[in-house]
Structure formats: structure tokens, C-alpha cells
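Following: one structure in C-alpha cells, then a few remarks.
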Amino acid sequence: TAHTVRQAFLLAVPRTDIVERLIVPLNENAEVRNSLIQVPGSPLYDEAVANNGSDFYAEPDPEGAAALLADAGVDTSTPIDVRLLFADENPRRASEYELIRDSVAQAGFNLVDGRDIDWGSNLSNTSLYDAALFGWQTTAIAVADTAANFITDGQNNFYGYSNETIDALYDELQATTDAARQDEILIEVESVLFEDAFGLPIFQFPQITAFNSTYVSGVSDIPLSPTVFFNVWDWEAAG
């Protein structure tokens, strides 16, 4: 039943609406992200999306979510409380909360406002929340770089998620040098995560790089941290 409730909640999240309202104004080409591991535009992204099971959540479907709950015998005569942890004093996160709240209400959920100035340090305290809004910052291109997010007791696995299959797949990933098998494993990992209703990617975080070309040249950026500062030694004073 808990699995069905997670599925239903995620199915009711209005990802398309969030992207169109909050991200497209910053990047007209922005789309819903459908991979938990692969960055849109990366070589494996399209193949991962086609095979990872994310199509179950392709479109927000509050009515379908309500039907899932009904079929599982979940009583929604009293809405199911879901406390959402997110950053306080962050207008985008606040807008996401409002859009999600209104959509999941149609499926029988009451989204409780859990905005918190100390949200980051409270991620590891799951007694304070049921779901959270946050973004991972990619810092490396190692094939198993995402293991810390999903393996049991992983450094970035703040919420206690644990699946023996995920752990075994990452163990194999760190041991194999077969590039084709590495790709297969990453897609298998995602398939398990989506099947478990672990969570949903919503959008690739938009980045705007602004600088005054009158004073500096050579400024560029990359998707990895430290983004715009990756080549600071190449910047030159203009003029």
C-alpha cells in the first residue's frame, strides 16, 4: 500500500505545468526532465528515458492517481497528509509547492507546507517530512558518481532509501570496464528507482551566465560544479 501511495502522489505532481510556468520563461527550450541520473543532452539520456520506466509519469494524472488509491483500498475520505520540505525564502520552490499542492489535492492528498530555512541540514531527519524538493549538483563525470545518492547509507542518501538490487548494481558498475554494460547498469538502476516510486526529476536547473564584456573576456560555463568558475584562469581583462 505504501508503494501505491508513493506512486499515486508522484503521478499527481504537475511537472509539465511547473516547467512551463517556472522554467520556460528562463529557457524557452526547457522540457520536463525524465532521468534521475542522466543530464538532458548527455549521450545516454534519450536511451535511458526510453527504457527506465519514466513513461508511467509522462503526464501528470491526478484522476489516475485517485484511481490507483481507490484500487488499493486506500481511504481518501480524509485527505492524506504529505509534508513537503523545501527551502524557505526561495520563490521558485514556493511556487513549485503551490502548483504541486493544487494538483495532488485532486488525487486525495493534503500537501503540508514544510518550508524551512534549515531544510538542507534537516534532510536527514525524516521525522520532519514525507517528501522534499531539492536538486543534486553534479561534480564529476565518473560512471558511478551517482552511487552516493541511492545506495544504502550513501553520503547523499539522506532519507534512508535502501534496495539490495540498487546496491548490487552499483557494486557491479564500479567493477566493470565494459562501457556497454555500464550503460545497461545505469538504466537498470533507474528502472528500479522508478519502479520503487523513489522520486521524480522535474527539470534541469537553469543557469544564466552574465558578465560585462567591456571588462572581461573568456567567460564560459559547464554543467558540472563549479560551473562558470571552471576556467577562471582563462578569463582576461578586456580592452
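Just so we're on the same page: first chain in the C-alpha cells is A, next is B, and so on; residues restart at 1 for each chain, and ligands are numbered from 1 in the order they show up.
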Exercise for the section: Quick one: everything within 8 Å of segment 195-207 of chain A, counting only C-alpha atoms, minus sequence neighbours fewer than 5 positions away in the same chain. Send it as a ChimeraX atom specification. Expected result: /A:3,6-7,10,15,18-19,23,26-27,30-36,39-40,53,135,161
Take the residues from that selection and put them in a file with N, CA, C and O atoms, as a PDB file, in the first residue's frame.
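Produced file result24.pdb, reproduced below:
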ATOM      1  N   HIS A   3       3.731   1.671  -1.271  1.00  0.00           N
ATOM      2  CA  HIS A   3       4.265   1.835  -2.620  1.00  0.00           C
ATOM      3  C   HIS A   3       3.232   2.476  -3.536  1.00  0.00           C
ATOM      4  O   HIS A   3       3.536   3.394  -4.306  1.00  0.00           O
ATOM      5  N   ARG A   6       2.894   6.158  -2.792  1.00  0.00           N
ATOM      6  CA  ARG A   6       4.001   6.934  -3.386  1.00  0.00           C
ATOM      7  C   ARG A   6       3.782   7.103  -4.881  1.00  0.00           C
ATOM      8  O   ARG A   6       3.957   8.208  -5.426  1.00  0.00           O
ATOM      9  N   GLN A   7       3.403   6.023  -5.555  1.00  0.00           N
ATOM     10  CA  GLN A   7       3.142   6.111  -6.991  1.00  0.00           C
ATOM     11  C   GLN A   7       2.052   7.138  -7.293  1.00  0.00           C
ATOM     12  O   GLN A   7       2.196   7.966  -8.203  1.00  0.00           O
ATOM     13  N   LEU A  10       3.275  10.776  -6.790  1.00  0.00           N
ATOM     14  CA  LEU A  10       4.166  11.222  -7.866  1.00  0.00           C
ATOM     15  C   LEU A  10       3.401  11.411  -9.172  1.00  0.00           C
ATOM     16  O   LEU A  10       3.694  12.335  -9.948  1.00  0.00           O
ATOM     17  N   ARG A  15       4.435  18.139 -13.242  1.00  0.00           N
ATOM     18  CA  ARG A  15       5.761  18.504 -13.721  1.00  0.00           C
ATOM     19  C   ARG A  15       5.705  19.400 -14.955  1.00  0.00           C
ATOM     20  O   ARG A  15       6.476  20.363 -15.072  1.00  0.00           O
ATOM     21  N   ILE A  18       4.865  22.926 -13.960  1.00  0.00           N
ATOM     22  CA  ILE A  18       5.994  23.553 -13.267  1.00  0.00           C
ATOM     23  C   ILE A  18       7.021  24.059 -14.271  1.00  0.00           C
ATOM     24  O   ILE A  18       7.499  25.196 -14.185  1.00  0.00           O
ATOM     25  N   VAL A  19       7.371  23.208 -15.232  1.00  0.00           N
ATOM     26  CA  VAL A  19       8.379  23.593 -16.214  1.00  0.00           C
ATOM     27  C   VAL A  19       7.882  24.746 -17.087  1.00  0.00           C
ATOM     28  O   VAL A  19       8.609  25.722 -17.329  1.00  0.00           O
ATOM     29  N   ILE A  23      10.190  27.525 -15.601  1.00  0.00           N
ATOM     30  CA  ILE A  23      11.497  27.336 -16.225  1.00  0.00           C
ATOM     31  C   ILE A  23      11.533  27.842 -17.665  1.00  0.00           C
ATOM     32  O   ILE A  23      12.507  28.464 -18.085  1.00  0.00           O
ATOM     33  N   LEU A  26      12.733  31.255 -18.487  1.00  0.00           N
ATOM     34  CA  LEU A  26      14.185  31.443 -18.431  1.00  0.00           C
ATOM     35  C   LEU A  26      14.891  30.751 -19.589  1.00  0.00           C
ATOM     36  O   LEU A  26      15.962  31.182 -20.010  1.00  0.00           O
ATOM     37  N   ASN A  27      14.298  29.675 -20.069  1.00  0.00           N
ATOM     38  CA  ASN A  27      14.879  28.908 -21.173  1.00  0.00           C
ATOM     39  C   ASN A  27      13.736  28.362 -22.007  1.00  0.00           C
ATOM     40  O   ASN A  27      13.064  27.406 -21.609  1.00  0.00           O
ATOM     41  N   ALA A  30      13.321  24.618 -22.545  1.00  0.00           N
ATOM     42  CA  ALA A  30      13.280  23.720 -21.386  1.00  0.00           C
ATOM     43  C   ALA A  30      12.162  22.694 -21.516  1.00  0.00           C
ATOM     44  O   ALA A  30      11.076  23.000 -22.019  1.00  0.00           O
ATOM     45  N   GLU A  31      12.443  21.481 -21.066  1.00  0.00           N
ATOM     46  CA  GLU A  31      11.471  20.399 -21.062  1.00  0.00           C
ATOM     47  C   GLU A  31      11.525  19.681 -19.727  1.00  0.00           C
ATOM     48  O   GLU A  31      12.484  19.815 -18.965  1.00  0.00           O
ATOM     49  N   VAL A  32      10.493  18.902 -19.450  1.00  0.00           N
ATOM     50  CA  VAL A  32      10.489  18.066 -18.249  1.00  0.00           C
ATOM     51  C   VAL A  32      11.661  17.095 -18.326  1.00  0.00           C
ATOM     52  O   VAL A  32      11.914  16.489 -19.365  1.00  0.00           O
ATOM     53  N   ARG A  33      12.385  16.976 -17.244  1.00  0.00           N
ATOM     54  CA  ARG A  33      13.482  16.006 -17.194  1.00  0.00           C
ATOM     55  C   ARG A  33      12.919  14.652 -16.794  1.00  0.00           C
ATOM     56  O   ARG A  33      12.125  14.555 -15.854  1.00  0.00           O
ATOM     57  N   ASN A  34      13.344  13.596 -17.491  1.00  0.00           N
ATOM     58  CA  ASN A  34      12.787  12.266 -17.251  1.00  0.00           C
ATOM     59  C   ASN A  34      13.831  11.223 -16.875  1.00  0.00           C
ATOM     60  O   ASN A  34      13.577  10.028 -16.969  1.00  0.00           O
ATOM     61  N   SER A  35      14.989  11.686 -16.428  1.00  0.00           N
ATOM     62  CA  SER A  35      16.022  10.765 -15.962  1.00  0.00           C
ATOM     63  C   SER A  35      16.538  11.248 -14.617  1.00  0.00           C
ATOM     64  O   SER A  35      16.817  12.435 -14.435  1.00  0.00           O
ATOM     65  N   LEU A  36      16.664  10.326 -13.679  1.00  0.00           N
ATOM     66  CA  LEU A  36      17.205  10.656 -12.366  1.00  0.00           C
ATOM     67  C   LEU A  36      18.725  10.724 -12.376  1.00  0.00           C
ATOM     68  O   LEU A  36      19.323  11.291 -11.465  1.00  0.00           O
ATOM     69  N   VAL A  39      21.852  13.609 -17.470  1.00  0.00           N
ATOM     70  CA  VAL A  39      21.545  15.015 -17.737  1.00  0.00           C
ATOM     71  C   VAL A  39      20.978  15.134 -19.144  1.00  0.00           C
ATOM     72  O   VAL A  39      21.517  14.528 -20.088  1.00  0.00           O
ATOM     73  N   PRO A  40      19.897  15.888 -19.345  1.00  0.00           N
ATOM     74  CA  PRO A  40      19.379  16.084 -20.708  1.00  0.00           C
ATOM     75  C   PRO A  40      20.481  16.572 -21.650  1.00  0.00           C
ATOM     76  O   PRO A  40      21.250  17.471 -21.305  1.00  0.00           O
ATOM     77  N   GLY A  53      11.316   3.420 -17.455  1.00  0.00           N
ATOM     78  CA  GLY A  53      10.014   3.362 -16.812  1.00  0.00           C
ATOM     79  C   GLY A  53       9.425   4.712 -16.458  1.00  0.00           C
ATOM     80  O   GLY A  53       8.340   4.785 -15.868  1.00  0.00           O
ATOM     81  N   GLY A 135      17.774  19.786  -5.324  1.00  0.00           N
ATOM     82  CA  GLY A 135      18.496  19.437  -6.541  1.00  0.00           C
ATOM     83  C   GLY A 135      19.876  18.899  -6.215  1.00  0.00           C
ATOM     84  O   GLY A 135      20.522  19.342  -5.264  1.00  0.00           O
ATOM     85  N   TYR A 161      16.697   5.554   1.969  1.00  0.00           N
ATOM     86  CA  TYR A 161      16.298   4.628   0.898  1.00  0.00           C
ATOM     87  C   TYR A 161      17.282   3.466   0.831  1.00  0.00           C
ATOM     88  O   TYR A 161      18.501   3.658   0.906  1.00  0.00           O
TER      89      TYR A 161
END
Go through segment 38-113 of chain A and collect every residue that DSSP, computed from the backbone, puts in helix (DSSP H, G or I); the answer should be as a JSON list (two decimals) with N, CA and C atoms, in the first residue's frame.
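Written out: selection_23.json:
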[["chain", "number", "residue", "atom", "x", "y", "z"],
["A", 45, "TYR", "N", 21.07, 9.96, -22.36],
["A", 45, "TYR", "CA", 19.79, 10.46, -21.85],
["A", 45, "TYR", "C", 18.59, 9.87, -22.58],
["A", 46, "ASP", "N", 18.56, 9.97, -23.91],
["A", 46, "ASP", "CA", 17.40, 9.51, -24.67],
["A", 46, "ASP", "C", 17.15, 8.01, -24.48],
["A", 47, "GLU", "N", 18.23, 7.22, -24.49],
["A", 47, "GLU", "CA", 18.07, 5.77, -24.31],
["A", 47, "GLU", "C", 17.57, 5.46, -22.90],
["A", 48, "ALA", "N", 18.08, 6.19, -21.92],
["A", 48, "ALA", "CA", 17.63, 5.98, -20.55],
["A", 48, "ALA", "C", 16.15, 6.28, -20.41],
["A", 49, "VAL", "N", 15.72, 7.40, -20.95],
["A", 49, "VAL", "CA", 14.32, 7.80, -20.84],
["A", 49, "VAL", "C", 13.41, 6.79, -21.52],
["A", 50, "ALA", "N", 13.87, 6.23, -22.63],
["A", 50, "ALA", "CA", 13.06, 5.27, -23.37],
["A", 50, "ALA", "C", 12.92, 3.93, -22.65],
["A", 51, "ASN", "N", 13.80, 3.67, -21.67],
["A", 51, "ASN", "CA", 13.82, 2.34, -21.06],
["A", 51, "ASN", "C", 13.75, 2.32, -19.54],
["A", 54, "SER", "N", 10.10, 5.78, -16.84],
["A", 54, "SER", "CA", 9.60, 7.12, -16.53],
["A", 54, "SER", "C", 8.32, 7.45, -17.30],
["A", 55, "ASP", "N", 8.02, 6.66, -18.34],
["A", 55, "ASP", "CA", 6.81, 6.92, -19.13],
["A", 55, "ASP", "C", 5.54, 6.76, -18.30],
["A", 56, "PHE", "N", 5.62, 6.03, -17.18],
["A", 56, "PHE", "CA", 4.45, 5.90, -16.30],
["A", 56, "PHE", "C", 4.03, 7.27, -15.78],
["A", 57, "TYR", "N", 5.01, 8.16, -15.65],
["A", 57, "TYR", "CA", 4.75, 9.50, -15.12],
["A", 57, "TYR", "C", 4.86, 10.56, -16.22],
["A", 62, "PRO", "N", -3.83, 13.42, -11.96],
["A", 62, "PRO", "CA", -4.47, 13.32, -10.64],
["A", 62, "PRO", "C", -5.62, 12.32, -10.60],
["A", 63, "GLU", "N", -6.40, 12.26, -11.69],
["A", 63, "GLU", "CA", -7.51, 11.31, -11.72],
["A", 63, "GLU", "C", -7.00, 9.88, -11.70],
["A", 64, "GLY", "N", -5.95, 9.62, -12.47],
["A", 64, "GLY", "CA", -5.35, 8.29, -12.46],
["A", 64, "GLY", "C", -4.76, 7.95, -11.10],
["A", 65, "ALA", "N", -4.19, 8.96, -10.45],
["A", 65, "ALA", "CA", -3.64, 8.76, -9.11],
["A", 65, "ALA", "C", -4.74, 8.40, -8.13],
["A", 66, "ALA", "N", -5.87, 9.08, -8.21],
["A", 66, "ALA", "CA", -7.00, 8.78, -7.33],
["A", 66, "ALA", "C", -7.50, 7.37, -7.57],
["A", 67, "ALA", "N", -7.51, 6.95, -8.84],
["A", 67, "ALA", "CA", -7.95, 5.60, -9.16],
["A", 67, "ALA", "C", -6.99, 4.55, -8.59],
["A", 68, "LEU", "N", -5.69, 4.85, -8.62],
["A", 68, "LEU", "CA", -4.70, 3.93, -8.03],
["A", 68, "LEU", "C", -5.00, 3.73, -6.55],
["A", 69, "LEU", "N", -5.25, 4.83, -5.86],
["A", 69, "LEU", "CA", -5.52, 4.74, -4.43],
["A", 69, "LEU", "C", -6.80, 3.96, -4.16],
["A", 70, "ALA", "N", -7.82, 4.22, -4.96],
["A", 70, "ALA", "CA", -9.09, 3.52, -4.79],
["A", 70, "ALA", "C", -8.93, 2.03, -5.01],
["A", 71, "ASP", "N", -8.19, 1.65, -6.06],
["A", 71, "ASP", "CA", -7.98, 0.24, -6.38],
["A", 71, "ASP", "C", -7.21, -0.48, -5.27],
["A", 91, "PRO", "N", 11.65, 31.77, -3.86],
["A", 91, "PRO", "CA", 10.38, 31.95, -4.58],
["A", 91, "PRO", "C", 10.04, 30.81, -5.53],
["A", 92, "ARG", "N", 11.04, 30.26, -6.20],
["A", 92, "ARG", "CA", 10.75, 29.17, -7.15],
["A", 92, "ARG", "C", 10.23, 27.95, -6.41],
["A", 93, "ARG", "N", 10.88, 27.59, -5.31],
["A", 93, "ARG", "CA", 10.42, 26.43, -4.54],
["A", 93, "ARG", "C", 9.01, 26.68, -3.99],
["A", 94, "ALA", "N", 8.75, 27.90, -3.56],
["A", 94, "ALA", "CA", 7.42, 28.22, -3.04],
["A", 94, "ALA", "C", 6.38, 28.06, -4.14],
["A", 95, "SER", "N", 6.71, 28.49, -5.35],
["A", 95, "SER", "CA", 5.78, 28.35, -6.47],
["A", 95, "SER", "C", 5.58, 26.88, -6.82],
["A", 96, "GLU", "N", 6.64, 26.09, -6.77],
["A", 96, "GLU", "CA", 6.52, 24.65, -7.01],
["A", 96, "GLU", "C", 5.57, 24.03, -5.99],
["A", 97, "TYR", "N", 5.76, 24.40, -4.73],
["A", 97, "TYR", "CA", 4.89, 23.87, -3.68],
["A", 97, "TYR", "C", 3.43, 24.17, -4.00],
["A", 98, "GLU", "N", 3.13, 25.40, -4.38],
["A", 98, "GLU", "CA", 1.74, 25.78, -4.63],
["A", 98, "GLU", "C", 1.15, 24.99, -5.80],
["A", 99, "LEU", "N", 1.93, 24.82, -6.87],
["A", 99, "LEU", "CA", 1.44, 24.08, -8.03],
["A", 99, "LEU", "C", 1.23, 22.60, -7.68],
["A", 100, "ILE", "N", 2.15, 22.03, -6.94],
["A", 100, "ILE", "CA", 2.02, 20.63, -6.54],
["A", 100, "ILE", "C", 0.83, 20.47, -5.59],
["A", 101, "ARG", "N", 0.70, 21.38, -4.64],
["A", 101, "ARG", "CA", -0.41, 21.32, -3.67],
["A", 101, "ARG", "C", -1.76, 21.26, -4.37],
["A", 102, "ASP", "N", -1.96, 22.14, -5.34],
["A", 102, "ASP", "CA", -3.25, 22.22, -6.01],
["A", 102, "ASP", "C", -3.53, 20.98, -6.85],
["A", 103, "SER", "N", -2.48, 20.40, -7.42],
["A", 103, "SER", "CA", -2.67, 19.23, -8.28],
["A", 103, "SER", "C", -2.90, 17.96, -7.47],
["A", 104, "VAL", "N", -2.07, 17.72, -6.47],
["A", 104, "VAL", "CA", -2.21, 16.47, -5.71],
["A", 104, "VAL", "C", -3.48, 16.46, -4.87],
["A", 105, "ALA", "N", -4.02, 17.65, -4.58],
["A", 105, "ALA", "CA", -5.28, 17.71, -3.84],
["A", 105, "ALA", "C", -6.39, 17.00, -4.60],
["A", 106, "GLN", "N", -6.31, 17.04, -5.93],
["A", 106, "GLN", "CA", -7.32, 16.40, -6.76],
["A", 106, "GLN", "C", -7.26, 14.87, -6.66],
["A", 107, "ALA", "N", -6.12, 14.37, -6.17],
["A", 107, "ALA", "CA", -5.96, 12.91, -6.04],
["A", 107, "ALA", "C", -6.21, 12.43, -4.62]]
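Using only C-alpha atoms, the nearest neighbour of Gln174 of chain A within the list A:Trp119, A:Val232, A:Asp145, A:Ala2 is A:Asp145.
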Problem - Residue nearest Ala12 of chain A among A:Leu111, A:Asp88, A:Ala179, A:Asp75 (counting only C-alpha atoms) - result: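 Ranking A:Leu111, A:Asp88, A:Ala179, A:Asp75 by distance to Ala12 of chain A, first place goes to A:Leu111.
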Using only C-alpha atoms, find each residue in segment 80-159 of chain A having at least one atom no more than 12 Å away from segment 184-192 of chain A; report its shortest atom-to-atom pair and that distance in Å (one decimal), rows by chain then rising number, as a tab-separated table.
residue	atom	partner	partner_atom	distance
A:Val143	CA	A:Leu186	CA	8.6
A:Ala144	CA	A:Leu186	CA	8.5
A:Asp145	CA	A:Leu186	CA	10.8
A:Thr146	CA	A:Leu186	CA	9.4
A:Ala147	CA	A:Val189	CA	9.7
A:Asn149	CA	A:Val189	CA	11.5
A:Phe150	CA	A:Val189	CA	9.0
A:Ile151	CA	A:Val189	CA	10.2
